[in-house]
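A.B. asks: Take a look at this one; I'll ask things after.
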Amino acid sequence: MNFSELTIKSMADKVRRGEIKARALVEESLTRSKKSQPVLNAFITICENEALKSADRVDSLVSQKKDPGLLAGVPLAIKDLLLTKGIRTTAASKILDNFVAPYSSTVTNKLEAAGAVIVGKTNLDEFAMGASNENSAYGPVKNPWDLTRVPGGSSGGSAAVVAARITPGSIGTDTGGSIREPASFCGITGIKPTYGRVSRYGVVAFASSLDQVGPMTRTVEDSAIILEVISGKDRHDSTTAQIAVPPFSKNIFDSVKGLKIGLPKEYFVDGIDTEVRKAVENGIEILKSLGAQIVHISLPHTSYGIAVYYLIAPCEASSNLARYDGVRFGHRSKENKDILDLYCQSRGEGFGPEPKRRIMLGTYALSSGYYDAYYKKACQVRRLIRDDFVKAFQTCDVIAAPVATTPAFKLGEKSSDPLQMYLNDIFTLGPSLAGIPALSLNCGFTKNGLPVGLQLMASHFQEEKIINSAHALEKTINLENRQPHGF
Ligand code: GLN
């Protein structure tokens, strides 16, 4: 078995046909997980026993001639922000160190019902707040393409394990870019679905009006398979939409003939790394040569994205994080005089610097007298950003843009300056604020061998359009089998 080359599709097909045992796949993935851990630090928890048990369950279904599902025996890693019953979920925070949830997230349940085997919980920025994975209480993750660089964040562990061929796919979450930016930095595919496509039930909440769960894989088809499995209305999450889930992987096709691709002038500005620009433009040229038609568009409120997001996300975070009080679950300080002191000490000891910063910003912006000037105003401008996209999609089917202005940056390069880190999100925040689906696909490498992502966006619930155009481009550009050295 050449594990590194197998896709999710091929693994599941082989398991279902009885050509390979789920146990063999899972054992290989576990070996790789453990071996890579001292190098990459991509996992917070590796669940060896549970994984082997699940693999055996899949194998026994196969031997009974029962269908184990679309993800039969496929080893997957999931971001340690999704609850897993019986396995600890930390959100990469000391405040949830050793927290074992009494129930699983809907996404976890759906993956397991489709036969997937969870081999581990991946490292992330604490509470998904960050863009480099350096804000984790469990240490940073290294980029498999260059160990001196960040893998991106906040789903840094999920991106690194896929790039390093530890699992063929993983689950990330994206609030303002946390699937797309690490996918770009690690040279893989990641999809942030439309807000409301995938259930947030059992996902540790960061900014509830923005959070979405999505797939991270090597191939576009594999992302389509996972997306198909995890999507859909969930009675436990009232923000999930009652909209039919297309069989994304079955409907996948290669043609972009006649597809109108919009290039927003605000996303092709000075300040983008020249090699990033070249790779992105090359991807767009290929789409053009395949029959797509380029149209030039404008998203005039783009420049407000950072200010709007960095008000709305901290406001919602300050509210969501209020539940960690040291009383019901999570870290409880031993040194305290009274109940107020218990709250203060527990939160002071449990939260790292980035959540603290955002709680303070958010609480301030929500406080009486400031609410109208900050949170409410930000929500109004968010609407304008959304309207820009709705209008743009009247003249094009898909929007193409860079994911980030640079390839993966060096560990420590931005970690001392939160504003520099926030600015990094300039191209991913718009689609998040608008609630539209967006994908990152590897479209090239820099001279130093660092991957570069192309971002494709579509109108609400039109994931098929970005999946199909990415699939067409992937088939021509042929980068999905390029592998980092040593993995
Ligand atoms: N980098 C952004 C932030 O720090 C986005 C994070 C995310 O999408 N979870 O908030």
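Labels used: A, B, ... for chains in the order of the structure tokens, numbers from 1 for residues in each chain, and numbers from 1 for ligands as shown.
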Quick one: residues within 7 Å of Gly152 (chain A), only C-alpha atoms counted, chain neighbours fewer than 4 positions away excluded, as a PyMOL selection string?
C.D. replies: chain A and resi 131-133+156+181-182+185+408
A.B. asks: Let me see the file: selected residues, C-alpha atoms, as a PDB file, in the first residue's frame.
C.D. replies:
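File written: out31.pdb
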ATOM      1  CA  ALA A 131      -3.650  33.009  11.657  1.00  0.00           C
ATOM      2  CA  SER A 132      -0.401  31.174  12.403  1.00  0.00           C
ATOM      3  CA  ASN A 133      -1.147  28.522  15.021  1.00  0.00           C
ATOM      4  CA  GLY A 156      -2.809  24.809  11.411  1.00  0.00           C
ATOM      5  CA  GLU A 181      -5.203  30.450   4.897  1.00  0.00           C
ATOM      6  CA  PRO A 182      -3.618  27.278   6.352  1.00  0.00           C
ATOM      7  CA  PHE A 185       0.235  27.890   3.361  1.00  0.00           C
ATOM      8  CA  ALA A 408       3.786  30.976   4.824  1.00  0.00           C
TER       9      ALA A 408
END
A.B. asks: List all protein, DNA and RNA residues that have an atom no more than 8 Å from any atom of ligand 1, counting only C-alpha atoms and all ligand atoms, and report them as a VMD selection string.
C.D. replies: chain A and resid 127 to 132 153 to 155 173 to 179 206 211 309 to 310 313 421 to 422 424 to 425 429
A.B. asks: I need the residue nearest Ala113 (chain A) from this list: A:Glu48, A:Asp67, A:Glu266, A:Asp222. Use only C-alpha atoms for the distance.
C.D. replies: A:Asp67
A.B. asks: Using DSSP on the backbone coordinates, identify all residues within region 37-231 of chain A classified as helix (DSSP H, G or I); present the result as a ChimeraX atom specification.
C.D. replies: /A:37-40,48-63,94-96,106-113,126-128,156-163,180-186,220-230
A.B. asks: Show which residues sit within 9 Å of Glu480 (chain A), as a list in words. Count only C-alpha atoms, and ignore same-chain residues fewer than 6 positions away.
C.D. replies: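 The residues satisfying every condition are Gly187, Ile188, Thr189, Arg218, Thr219, Asn442 and Glu474 of chain A.
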A.B. asks: Take the residues just selected and output them with N, CA, C and O atoms as a PDB file, in the first residue's frame.
C.D. replies:
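Output saved as out08.pdb:
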ATOM      1  N   GLY A 187      -0.414  24.091   1.001  1.00  0.00           N
ATOM      2  CA  GLY A 187      -0.538  23.521  -0.342  1.00  0.00           C
ATOM      3  C   GLY A 187      -1.625  22.483  -0.491  1.00  0.00           C
ATOM      4  O   GLY A 187      -1.468  21.522  -1.261  1.00  0.00           O
ATOM      5  N   ILE A 188      -2.725  22.639   0.225  1.00  0.00           N
ATOM      6  CA  ILE A 188      -3.821  21.676   0.108  1.00  0.00           C
ATOM      7  C   ILE A 188      -5.117  22.405  -0.275  1.00  0.00           C
ATOM      8  O   ILE A 188      -5.109  23.609  -0.512  1.00  0.00           O
ATOM      9  N   THR A 189      -6.207  21.652  -0.325  1.00  0.00           N
ATOM     10  CA  THR A 189      -7.511  22.249  -0.632  1.00  0.00           C
ATOM     11  C   THR A 189      -8.317  22.376   0.652  1.00  0.00           C
ATOM     12  O   THR A 189      -8.322  21.463   1.470  1.00  0.00           O
ATOM     13  N   ARG A 218      -6.278  16.773   0.190  1.00  0.00           N
ATOM     14  CA  ARG A 218      -5.304  16.997  -0.880  1.00  0.00           C
ATOM     15  C   ARG A 218      -6.009  17.262  -2.205  1.00  0.00           C
ATOM     16  O   ARG A 218      -5.569  18.061  -2.995  1.00  0.00           O
ATOM     17  N   THR A 219      -7.106  16.559  -2.474  1.00  0.00           N
ATOM     18  CA  THR A 219      -7.770  16.753  -3.760  1.00  0.00           C
ATOM     19  C   THR A 219      -9.132  17.427  -3.566  1.00  0.00           C
ATOM     20  O   THR A 219      -9.737  17.346  -2.503  1.00  0.00           O
ATOM     21  N   ASN A 442      -4.331  24.902  -4.155  1.00  0.00           N
ATOM     22  CA  ASN A 442      -2.928  25.175  -4.440  1.00  0.00           C
ATOM     23  C   ASN A 442      -2.764  25.489  -5.927  1.00  0.00           C
ATOM     24  O   ASN A 442      -3.176  24.714  -6.779  1.00  0.00           O
ATOM     25  N   GLU A 474      -7.399  21.959 -11.036  1.00  0.00           N
ATOM     26  CA  GLU A 474      -6.533  20.942 -10.424  1.00  0.00           C
ATOM     27  C   GLU A 474      -6.086  19.909 -11.461  1.00  0.00           C
ATOM     28  O   GLU A 474      -4.921  19.513 -11.499  1.00  0.00           O
TER      29      GLU A 474
END
A.B. asks: Please provide the set of residues having any atom within 9 Å of region 13-21 of chain A, restricted to only C-alpha atoms, with same-chain residues fewer than 3 positions apart removed, written as a count of residues only.
C.D. replies: 22
A.B. asks: Determine which residues of region 173-254 of chain A DSSP labels as strand (DSSP E or B) from the backbone of this structure, then write them out as a ChimeraX atom specification.
C.D. replies: /A:173-174,189-192,198,203,212-217,231,234,237
A.B. asks: Against region 235-246 of chain A, which residues of region 105-209 of chain A fall within 9 Å? For each one I want the closest pair of atoms and the distance in Å (one decimal), counting only C-alpha atoms, rows by chain and increasing residue number, as a Markdown table.
C.D. replies:
| residue | atom | partner | partner_atom | distance |
| --- | --- | --- | --- | --- |
| A:Thr106 | CA | A:His236 | CA | 8.3 |
| A:Tyr195 | CA | A:Thr240 | CA | 7.8 |
| A:Gly196 | CA | A:Thr240 | CA | 4.1 |
| A:Arg197 | CA | A:Thr240 | CA | 5.8 |
| A:Val198 | CA | A:Thr240 | CA | 6.4 |
| A:Ser199 | CA | A:Thr240 | CA | 5.8 |
| A:Arg200 | CA | A:Asp237 | CA | 6.4 |
| A:Tyr201 | CA | A:Asp237 | CA | 5.6 |
| A:Ser209 | CA | A:Thr239 | CA | 8.9 |
A.B. asks: Pick out the residues sitting within 12 Å of Val150 (chain A), and hand them over as an mmCIF file with all heavy atoms, in the first residue's frame; count only C-alpha atoms, and ignore anything fewer than 4 positions along from it in its own chain.
C.D. replies:
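Below you can see part.cif, which holds the result:
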data_model
loop_
_atom_site.group_PDB
_atom_site.id
_atom_site.type_symbol
_atom_site.label_atom_id
_atom_site.label_comp_id
_atom_site.auth_asym_id
_atom_site.auth_seq_id
_atom_site.Cartn_x
_atom_site.Cartn_y
_atom_site.Cartn_z
ATOM 1 N N LEU A 40 6.359 18.132 13.946
ATOM 2 C CA LEU A 40 5.323 19.090 13.526
ATOM 3 C C LEU A 40 4.466 19.627 14.679
ATOM 4 O O LEU A 40 3.899 20.704 14.579
ATOM 5 C CB LEU A 40 4.390 18.436 12.497
ATOM 6 C CG LEU A 40 4.994 18.014 11.156
ATOM 7 C CD1 LEU A 40 3.929 17.301 10.316
ATOM 8 C CD2 LEU A 40 5.532 19.219 10.399
ATOM 9 N N ASN A 41 4.264 18.829 15.711
ATOM 10 C CA ASN A 41 3.367 19.185 16.824
ATOM 11 C C ASN A 41 1.939 19.459 16.326
ATOM 12 O O ASN A 41 1.262 20.372 16.807
ATOM 13 C CB ASN A 41 3.919 20.412 17.576
ATOM 14 C CG ASN A 41 3.232 20.646 18.906
ATOM 15 O OD1 ASN A 41 2.807 19.700 19.571
ATOM 16 N ND2 ASN A 41 3.077 21.906 19.291
ATOM 17 N N ALA A 42 1.515 18.688 15.338
ATOM 18 C CA ALA A 42 0.208 18.950 14.706
ATOM 19 C C ALA A 42 -0.974 18.453 15.532
ATOM 20 O O ALA A 42 -2.101 18.881 15.314
ATOM 21 C CB ALA A 42 0.175 18.318 13.320
ATOM 22 N N LEU A 124 -4.357 23.974 17.111
ATOM 23 C CA LEU A 124 -4.979 25.174 16.535
ATOM 24 C C LEU A 124 -4.569 26.382 17.362
ATOM 25 O O LEU A 124 -3.987 26.226 18.431
ATOM 26 C CB LEU A 124 -6.514 25.030 16.549
ATOM 27 C CG LEU A 124 -7.182 24.949 17.940
ATOM 28 C CD1 LEU A 124 -8.565 25.559 17.886
ATOM 29 C CD2 LEU A 124 -7.306 23.507 18.413
ATOM 30 N N ASP A 125 -4.898 27.561 16.878
ATOM 31 C CA ASP A 125 -4.755 28.748 17.714
ATOM 32 C C ASP A 125 -5.828 28.680 18.791
ATOM 33 O O ASP A 125 -6.958 28.259 18.523
ATOM 34 C CB ASP A 125 -4.957 30.017 16.881
ATOM 35 C CG ASP A 125 -3.769 30.333 15.997
ATOM 36 O OD1 ASP A 125 -2.680 30.577 16.541
ATOM 37 O OD2 ASP A 125 -3.930 30.328 14.758
ATOM 38 N N GLY A 130 -6.485 33.332 15.588
ATOM 39 C CA GLY A 130 -5.144 33.516 15.079
ATOM 40 C C GLY A 130 -5.035 33.090 13.639
ATOM 41 O O GLY A 130 -5.985 32.575 13.051
ATOM 42 N N ALA A 131 -3.853 33.329 13.058
ATOM 43 C CA ALA A 131 -3.650 33.009 11.657
ATOM 44 C C ALA A 131 -2.311 32.311 11.447
ATOM 45 O O ALA A 131 -1.819 32.219 10.334
ATOM 46 C CB ALA A 131 -3.715 34.288 10.826
ATOM 47 N N SER A 132 -1.721 31.793 12.537
ATOM 48 C CA SER A 132 -0.401 31.174 12.403
ATOM 49 C C SER A 132 -0.233 29.933 13.272
ATOM 50 O O SER A 132 0.790 29.291 13.229
ATOM 51 C CB SER A 132 0.678 32.183 12.808
ATOM 52 O OG SER A 132 0.592 32.426 14.200
ATOM 53 N N ASN A 133 -1.211 29.615 14.057
ATOM 54 C CA ASN A 133 -1.147 28.522 15.021
ATOM 55 C C ASN A 133 -0.130 28.771 16.142
ATOM 56 O O ASN A 133 0.204 27.883 16.912
ATOM 57 C CB ASN A 133 -0.862 27.171 14.337
ATOM 58 C CG ASN A 133 -1.580 26.002 15.000
ATOM 59 O OD1 ASN A 133 -2.318 25.264 14.362
ATOM 60 N ND2 ASN A 133 -1.431 25.824 16.301
ATOM 61 N N GLU A 134 0.361 30.004 16.228
ATOM 62 C CA GLU A 134 1.315 30.304 17.309
ATOM 63 C C GLU A 134 0.612 30.659 18.609
ATOM 64 O O GLU A 134 1.248 30.753 19.650
ATOM 65 C CB GLU A 134 2.237 31.454 16.887
ATOM 66 C CG GLU A 134 3.180 31.057 15.774
ATOM 67 C CD GLU A 134 3.874 32.259 15.176
ATOM 68 O OE1 GLU A 134 3.195 33.103 14.563
ATOM 69 O OE2 GLU A 134 5.099 32.371 15.318
ATOM 70 N N ASN A 135 -0.717 30.851 18.569
ATOM 71 C CA ASN A 135 -1.454 31.185 19.795
ATOM 72 C C ASN A 135 -1.967 29.951 20.538
ATOM 73 O O ASN A 135 -2.917 30.059 21.289
ATOM 74 C CB ASN A 135 -2.660 32.082 19.475
ATOM 75 C CG ASN A 135 -2.257 33.426 18.920
ATOM 76 O OD1 ASN A 135 -1.149 33.890 19.155
ATOM 77 N ND2 ASN A 135 -3.149 34.049 18.165
ATOM 78 N N GLY A 139 1.778 24.862 22.136
ATOM 79 C CA GLY A 139 2.942 25.104 21.280
ATOM 80 C C GLY A 139 2.551 25.223 19.826
ATOM 81 O O GLY A 139 1.499 24.740 19.410
ATOM 82 N N PRO A 140 3.427 25.883 19.032
ATOM 83 C CA PRO A 140 3.103 26.101 17.618
ATOM 84 C C PRO A 140 3.210 24.810 16.792
ATOM 85 O O PRO A 140 3.865 23.860 17.204
ATOM 86 C CB PRO A 140 4.161 27.096 17.161
ATOM 87 C CG PRO A 140 5.311 26.886 18.086
ATOM 88 C CD PRO A 140 4.723 26.459 19.403
ATOM 89 N N VAL A 141 2.561 24.814 15.638
ATOM 90 C CA VAL A 141 2.693 23.735 14.652
ATOM 91 C C VAL A 141 3.706 24.212 13.615
ATOM 92 O O VAL A 141 3.796 25.403 13.337
ATOM 93 C CB VAL A 141 1.319 23.469 13.983
ATOM 94 C CG1 VAL A 141 1.445 22.417 12.884
ATOM 95 C CG2 VAL A 141 0.283 23.039 15.016
ATOM 96 N N LYS A 142 4.469 23.275 13.059
ATOM 97 C CA LYS A 142 5.441 23.642 12.023
ATOM 98 C C LYS A 142 4.858 23.322 10.647
ATOM 99 O O LYS A 142 4.098 22.369 10.493
ATOM 100 C CB LYS A 142 6.747 22.850 12.189
ATOM 101 C CG LYS A 142 7.310 22.857 13.596
ATOM 102 C CD LYS A 142 8.089 24.139 13.881
ATOM 103 C CE LYS A 142 8.413 24.266 15.353
ATOM 104 N NZ LYS A 142 9.176 23.152 15.904
ATOM 105 N N ASN A 143 5.279 24.105 9.662
ATOM 106 C CA ASN A 143 4.833 23.874 8.290
ATOM 107 C C ASN A 143 5.669 22.755 7.655
ATOM 108 O O ASN A 143 6.895 22.855 7.604
ATOM 109 C CB ASN A 143 4.999 25.173 7.487
ATOM 110 C CG ASN A 143 4.366 25.079 6.111
ATOM 111 O OD1 ASN A 143 4.486 24.076 5.429
ATOM 112 N ND2 ASN A 143 3.687 26.139 5.714
ATOM 113 N N PRO A 144 5.041 21.682 7.178
ATOM 114 C CA PRO A 144 5.804 20.553 6.628
ATOM 115 C C PRO A 144 6.679 20.932 5.424
ATOM 116 O O PRO A 144 7.655 20.253 5.143
ATOM 117 C CB PRO A 144 4.738 19.558 6.178
ATOM 118 C CG PRO A 144 3.474 19.979 6.843
ATOM 119 C CD PRO A 144 3.591 21.432 7.161
ATOM 120 N N TRP A 145 6.355 22.022 4.730
ATOM 121 C CA TRP A 145 7.160 22.426 3.565
ATOM 122 C C TRP A 145 8.426 23.135 3.993
ATOM 123 O O TRP A 145 9.390 23.220 3.225
ATOM 124 C CB TRP A 145 6.344 23.339 2.644
ATOM 125 C CG TRP A 145 5.178 22.649 2.026
ATOM 126 C CD1 TRP A 145 3.898 22.651 2.481
ATOM 127 C CD2 TRP A 145 5.188 21.824 0.858
ATOM 128 N NE1 TRP A 145 3.101 21.878 1.655
ATOM 129 C CE2 TRP A 145 3.869 21.371 0.655
ATOM 130 C CE3 TRP A 145 6.186 21.432 -0.041
ATOM 131 C CZ2 TRP A 145 3.515 20.541 -0.411
ATOM 132 C CZ3 TRP A 145 5.835 20.606 -1.104
ATOM 133 C CH2 TRP A 145 4.520 20.164 -1.281
ATOM 134 N N ASP A 146 8.427 23.707 5.176
ATOM 135 C CA ASP A 146 9.586 24.428 5.703
ATOM 136 C C ASP A 146 9.365 24.552 7.202
ATOM 137 O O ASP A 146 8.514 25.324 7.652
ATOM 138 C CB ASP A 146 9.681 25.805 5.036
ATOM 139 C CG ASP A 146 10.840 26.633 5.597
ATOM 140 O OD1 ASP A 146 11.391 26.266 6.660
ATOM 141 O OD2 ASP A 146 11.182 27.661 4.983
ATOM 142 N N SER A 154 -6.375 29.447 11.869
ATOM 143 C CA SER A 154 -6.148 28.744 13.102
ATOM 144 C C SER A 154 -6.119 27.223 12.934
ATOM 145 O O SER A 154 -5.647 26.530 13.842
ATOM 146 C CB SER A 154 -7.227 29.117 14.119
ATOM 147 O OG SER A 154 -8.505 28.719 13.650
ATOM 148 N N SER A 155 -6.578 26.695 11.783
ATOM 149 C CA SER A 155 -6.588 25.230 11.627
ATOM 150 C C SER A 155 -5.226 24.726 11.159
ATOM 151 O O SER A 155 -5.129 23.983 10.179
ATOM 152 C CB SER A 155 -7.680 24.810 10.624
ATOM 153 O OG SER A 155 -8.902 25.469 10.880
ATOM 154 N N GLY A 156 -4.160 25.124 11.846
ATOM 155 C CA GLY A 156 -2.809 24.809 11.411
ATOM 156 C C GLY A 156 -2.482 23.323 11.486
ATOM 157 O O GLY A 156 -1.872 22.766 10.575
ATOM 158 N N GLY A 157 -2.903 22.675 12.560
ATOM 159 C CA GLY A 157 -2.649 21.235 12.700
ATOM 160 C C GLY A 157 -3.385 20.453 11.618
ATOM 161 O O GLY A 157 -2.830 19.526 11.016
ATOM 162 N N ALA A 159 -4.181 21.425 8.660
ATOM 163 C CA ALA A 159 -3.537 21.611 7.358
ATOM 164 C C ALA A 159 -2.232 20.817 7.296
ATOM 165 O O ALA A 159 -1.940 20.152 6.297
ATOM 166 C CB ALA A 159 -3.264 23.089 7.120
ATOM 167 N N ALA A 160 -1.462 20.863 8.383
ATOM 168 C CA ALA A 160 -0.151 20.202 8.391
ATOM 169 C C ALA A 160 -0.283 18.684 8.238
ATOM 170 O O ALA A 160 0.491 18.066 7.507
ATOM 171 C CB ALA A 160 0.602 20.546 9.675
ATOM 172 N N GLU A 181 -6.587 29.977 4.784
ATOM 173 C CA GLU A 181 -5.203 30.450 4.897
ATOM 174 C C GLU A 181 -4.235 29.304 5.196
ATOM 175 O O GLU A 181 -3.222 29.152 4.504
ATOM 176 C CB GLU A 181 -5.130 31.584 5.923
ATOM 177 C CG GLU A 181 -3.773 32.255 5.973
ATOM 178 C CD GLU A 181 -3.121 32.135 7.325
ATOM 179 O OE1 GLU A 181 -3.521 31.246 8.127
ATOM 180 O OE2 GLU A 181 -2.212 32.902 7.593
ATOM 181 N N PRO A 182 -4.530 28.422 6.177
ATOM 182 C CA PRO A 182 -3.618 27.278 6.352
ATOM 183 C C PRO A 182 -3.608 26.338 5.146
ATOM 184 O O PRO A 182 -2.571 25.754 4.830
ATOM 185 C CB PRO A 182 -4.139 26.578 7.612
ATOM 186 C CG PRO A 182 -5.430 27.210 7.964
ATOM 187 C CD PRO A 182 -5.517 28.518 7.265
ATOM 188 N N ALA A 183 -4.726 26.208 4.455
ATOM 189 C CA ALA A 183 -4.734 25.373 3.238
ATOM 190 C C ALA A 183 -3.763 25.974 2.229
ATOM 191 O O ALA A 183 -2.971 25.261 1.606
ATOM 192 C CB ALA A 183 -6.145 25.283 2.656
ATOM 193 N N SER A 184 -3.793 27.286 2.085
ATOM 194 C CA SER A 184 -2.894 27.961 1.155
ATOM 195 C C SER A 184 -1.435 27.784 1.577
ATOM 196 O O SER A 184 -0.581 27.421 0.764
ATOM 197 C CB SER A 184 -3.264 29.447 1.112
ATOM 198 O OG SER A 184 -2.315 30.188 0.395
ATOM 199 N N PHE A 185 -1.145 27.983 2.863
ATOM 200 C CA PHE A 185 0.235 27.890 3.361
ATOM 201 C C PHE A 185 0.777 26.456 3.302
ATOM 202 O O PHE A 185 1.976 26.248 3.305
ATOM 203 C CB PHE A 185 0.329 28.399 4.808
ATOM 204 C CG PHE A 185 0.257 29.902 4.947
ATOM 205 C CD1 PHE A 185 -0.062 30.713 3.871
ATOM 206 C CD2 PHE A 185 0.532 30.507 6.167
ATOM 207 C CE1 PHE A 185 -0.128 32.097 4.001
ATOM 208 C CE2 PHE A 185 0.481 31.901 6.313
ATOM 209 C CZ PHE A 185 0.145 32.691 5.231
ATOM 210 N N CYS A 186 -0.105 25.466 3.326
ATOM 211 C CA CYS A 186 0.351 24.066 3.325
ATOM 212 C C CYS A 186 0.092 23.368 1.987
ATOM 213 O O CYS A 186 0.315 22.167 1.863
ATOM 214 C CB CYS A 186 -0.303 23.299 4.467
ATOM 215 S SG CYS A 186 0.316 23.787 6.088
ATOM 216 N N THR A 406 0.940 36.805 1.205
ATOM 217 C CA THR A 406 2.276 36.187 1.207
ATOM 218 C C THR A 406 2.141 34.671 1.300
ATOM 219 O O THR A 406 1.078 34.171 1.645
ATOM 220 C CB THR A 406 3.089 36.618 2.450
ATOM 221 O OG1 THR A 406 2.398 36.141 3.624
ATOM 222 C CG2 THR A 406 3.264 38.110 2.536
ATOM 223 N N PRO A 407 3.225 33.956 1.000
ATOM 224 C CA PRO A 407 3.240 32.533 1.365
ATOM 225 C C PRO A 407 3.474 32.415 2.880
ATOM 226 O O PRO A 407 3.573 33.440 3.563
ATOM 227 C CB PRO A 407 4.425 31.970 0.573
ATOM 228 C CG PRO A 407 5.218 33.132 0.102
ATOM 229 C CD PRO A 407 4.454 34.392 0.331
ATOM 230 N N ALA A 408 3.584 31.192 3.384
ATOM 231 C CA ALA A 408 3.786 30.976 4.824
ATOM 232 C C ALA A 408 4.941 31.831 5.335
ATOM 233 O O ALA A 408 6.023 31.835 4.756
ATOM 234 C CB ALA A 408 4.084 29.502 5.067
ATOM 235 N N PHE A 409 4.690 32.553 6.432
ATOM 236 C CA PHE A 409 5.756 33.388 6.984
ATOM 237 C C PHE A 409 6.509 32.634 8.081
ATOM 238 O O PHE A 409 6.128 31.536 8.472
ATOM 239 C CB PHE A 409 5.201 34.742 7.474
ATOM 240 C CG PHE A 409 3.923 34.649 8.286
ATOM 241 C CD1 PHE A 409 3.960 34.460 9.657
ATOM 242 C CD2 PHE A 409 2.674 34.760 7.665
ATOM 243 C CE1 PHE A 409 2.790 34.394 10.401
ATOM 244 C CE2 PHE A 409 1.488 34.682 8.406
ATOM 245 C CZ PHE A 409 1.547 34.497 9.772
ATOM 246 N N LYS A 410 7.605 33.229 8.543
ATOM 247 C CA LYS A 410 8.474 32.567 9.527
ATOM 248 C C LYS A 410 7.808 32.521 10.901
ATOM 249 O O LYS A 410 7.100 33.460 11.274
ATOM 250 C CB LYS A 410 9.788 33.348 9.656
ATOM 251 C CG LYS A 410 10.657 33.290 8.421
ATOM 252 C CD LYS A 410 11.701 32.219 8.573
ATOM 253 C CE LYS A 410 12.645 32.231 7.370
ATOM 254 N NZ LYS A 410 13.413 30.990 7.290
ATOM 255 N N LEU A 411 8.074 31.467 11.625
ATOM 256 C CA LEU A 411 7.637 31.405 13.019
ATOM 257 C C LEU A 411 8.207 32.619 13.744
ATOM 258 O O LEU A 411 9.382 32.952 13.570
ATOM 259 C CB LEU A 411 8.169 30.125 13.676
ATOM 260 C CG LEU A 411 7.445 28.836 13.286
ATOM 261 C CD1 LEU A 411 8.403 27.644 13.329
ATOM 262 C CD2 LEU A 411 6.247 28.575 14.198
ATOM 263 N N GLY A 412 7.377 33.304 14.516
ATOM 264 C CA GLY A 412 7.852 34.463 15.274
ATOM 265 C C GLY A 412 7.832 35.771 14.502
ATOM 266 O O GLY A 412 7.967 36.839 15.078
ATOM 267 N N GLU A 413 7.628 35.697 13.178
ATOM 268 C CA GLU A 413 7.723 36.911 12.359
ATOM 269 C C GLU A 413 6.636 37.939 12.711
ATOM 270 O O GLU A 413 6.876 39.138 12.674
ATOM 271 C CB GLU A 413 7.623 36.515 10.881
ATOM 272 C CG GLU A 413 8.002 37.599 9.915
ATOM 273 C CD GLU A 413 7.901 37.126 8.461
ATOM 274 O OE1 GLU A 413 8.253 35.968 8.152
ATOM 275 O OE2 GLU A 413 7.438 37.939 7.628
ATOM 276 N N LYS A 414 5.439 37.463 13.019
ATOM 277 C CA LYS A 414 4.345 38.404 13.292
ATOM 278 C C LYS A 414 3.759 38.254 14.683
ATOM 279 O O LYS A 414 2.841 38.991 15.049
ATOM 280 C CB LYS A 414 3.210 38.187 12.277
ATOM 281 C CG LYS A 414 3.625 38.412 10.844
ATOM 282 C CD LYS A 414 2.463 38.367 9.882
ATOM 283 C CE LYS A 414 2.985 38.550 8.465
ATOM 284 N NZ LYS A 414 1.938 38.638 7.466
ATOM 285 N N SER A 415 4.270 37.290 15.455
ATOM 286 C CA SER A 415 3.572 36.947 16.694
ATOM 287 C C SER A 415 3.638 38.036 17.761
ATOM 288 O O SER A 415 2.820 38.076 18.666
ATOM 289 C CB SER A 415 4.076 35.610 17.253
ATOM 290 O OG SER A 415 5.465 35.608 17.331
ATOM 291 N N LEU A 450 7.566 27.100 -1.483
ATOM 292 C CA LEU A 450 6.399 27.297 -0.610
ATOM 293 C C LEU A 450 5.132 27.359 -1.457
ATOM 294 O O LEU A 450 5.090 28.050 -2.477
ATOM 295 C CB LEU A 450 6.540 28.604 0.177
ATOM 296 C CG LEU A 450 7.709 28.683 1.145
ATOM 297 C CD1 LEU A 450 7.813 30.087 1.725
ATOM 298 C CD2 LEU A 450 7.548 27.658 2.273
#
A.B. asks: Do you have the CA of Ser158 (chain A)-CA of Ala205 (chain A) distance handy?
C.D. replies: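 Interatomic distance, CA of Ser158 (chain A) to CA of Ala205 (chain A): 17.9 Å.
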A.B. asks: Find the spatial neighbours of Pro353 (chain A), counting only C-alpha atoms, within a cut-off of 10 Å - ignore same-chain residues fewer than 4 positions away - and output them as a VMD selection string.
C.D. replies: chain A and resid 126 135 137 348 357 to 359
A.B. asks: Distance CA of Ala163 (chain A)-CA of Ala77 (chain A), one decimal place?
C.D. replies: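 Spanning CA of Ala163 (chain A) to CA of Ala77 (chain A) is a straight-line distance of 12.3 Å.
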A.B. asks: For CA of Val161 (chain A) and CA of Gly202 (chain A), determine how far apart the two atoms are, in Å to one decimal place.
C.D. replies: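 Distance between the two atoms: 22.5 Å.
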A.B. asks: For Lys257 (chain A), which of A:Val162, A:Ala373, A:Val280, A:Ile294 is the closest residue, counting only C-alpha atoms?
C.D. replies: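 Ranking A:Val162, A:Ala373, A:Val280, A:Ile294 by distance to Lys257 (chain A), first place goes to A:Ile294.
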A.B. asks: With a distance cut-off of 12 Å and only C-alpha atoms, select the neighbouring residues of Arg323 (chain A), excluding the residue or stretch itself and same-chain residues fewer than 3 positions from it, and output the selection as a list in words.
C.D. replies: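 The residues satisfying every condition are Ile95, Leu96, Val204, Ala205, Phe206, Ala317, Ser318, Ser319, Asn320, Gly326, Val327, Arg328, Phe329, Gly330, His331, Tyr343, Ser346 and Arg347 of chain A.
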